[in-house]
Amino acid sequence: MKIPDYTALICKGFCAFYREGKEELHCGGYEILRHSLTSAELEALSSLCPCSDTLKHQIPPEEEEMRSLVCGTCAFAADGCDYREDRSGPPCGGYHFLRLLRAVRHGG
Ligand code: SF4
């Protein structure tokens, strides 16, 4: 079961695939964020990285290192993920969030 603060910030805030009640699976990005940040830190960082419906549906450019790191142990691998397979769909909210954090860190 997901901890509500993380779900509210990462999944409801950043994920185009989020559906209420289907919260038992955790994407790779969610797991990295949950293990790296407290919910207070996550909340503070999310205010630096505003999301929008447009961003949720964006398909980022090829990022082999990022995809390998974030998607490598993702629980959605069994069901398939269009972004992970061939980038024919957007990534999940955890992936978007981590990309935005990286951009903030690098000043872009
Ligand atoms: S983009 Fe897809 S494979 Fe990668 S972490 Fe998200 S759901 Fe998992």
# chains A, B, ... in the order shown; residues from 1 in each chain; ligands from 1
$ residues_near_ligand --ligand "ligand 1" --cutoff "6 Å" --atoms "only C-alpha atoms and all ligand atoms" --output "list in words"
Cys27, Gly28, Gly29, Val70, Cys71, Cys74, Phe76, Ala77, Cys81, Tyr83, Arg84, Pro91, Cys92 and Tyr95 of chain A
$ select_by_dssp --residues "chain A" --states "helix (DSSP H, G or I)" --output "ChimeraX atom specification"
/A:4-14,28-36,39-48,53-56,64-71,75-77,82-86,93-105
$ closest_atom_pairs --of "stretch 41-80 of chain A" --to "stretch 31-34 of chain A" --cutoff "10 Å" --atoms "only C-alpha atoms" --output "Markdown table"
| residue | atom | partner | partner_atom | distance |
| --- | --- | --- | --- | --- |
| A:Glu41 | CA | A:Leu33 | CA | 10.0 |
| A:Leu42 | CA | A:Leu33 | CA | 7.8 |
| A:Leu69 | CA | A:Ile32 | CA | 9.4 |
| A:Val70 | CA | A:Ile32 | CA | 7.5 |
| A:Thr73 | CA | A:Glu31 | CA | 9.2 |
| A:Cys74 | CA | A:Glu31 | CA | 8.3 |
| A:Ala75 | CA | A:Glu31 | CA | 9.6 |
$ closest_residue --among "A:Tyr6, A:Phe14, A:Leu100, A:Met66" --to "A:His35" --atoms "only C-alpha atoms"
A:Tyr6
$ closest_residue --among "A:Ser36, A:Ser46, A:Ser88, A:Ser68" --to "A:Cys11" --atoms "only C-alpha atoms"
A:Ser46
$ atom_distance --atom1 "atom CA of A:Glu24" --atom2 "atom CA of A:Thr54"
25.7 Å
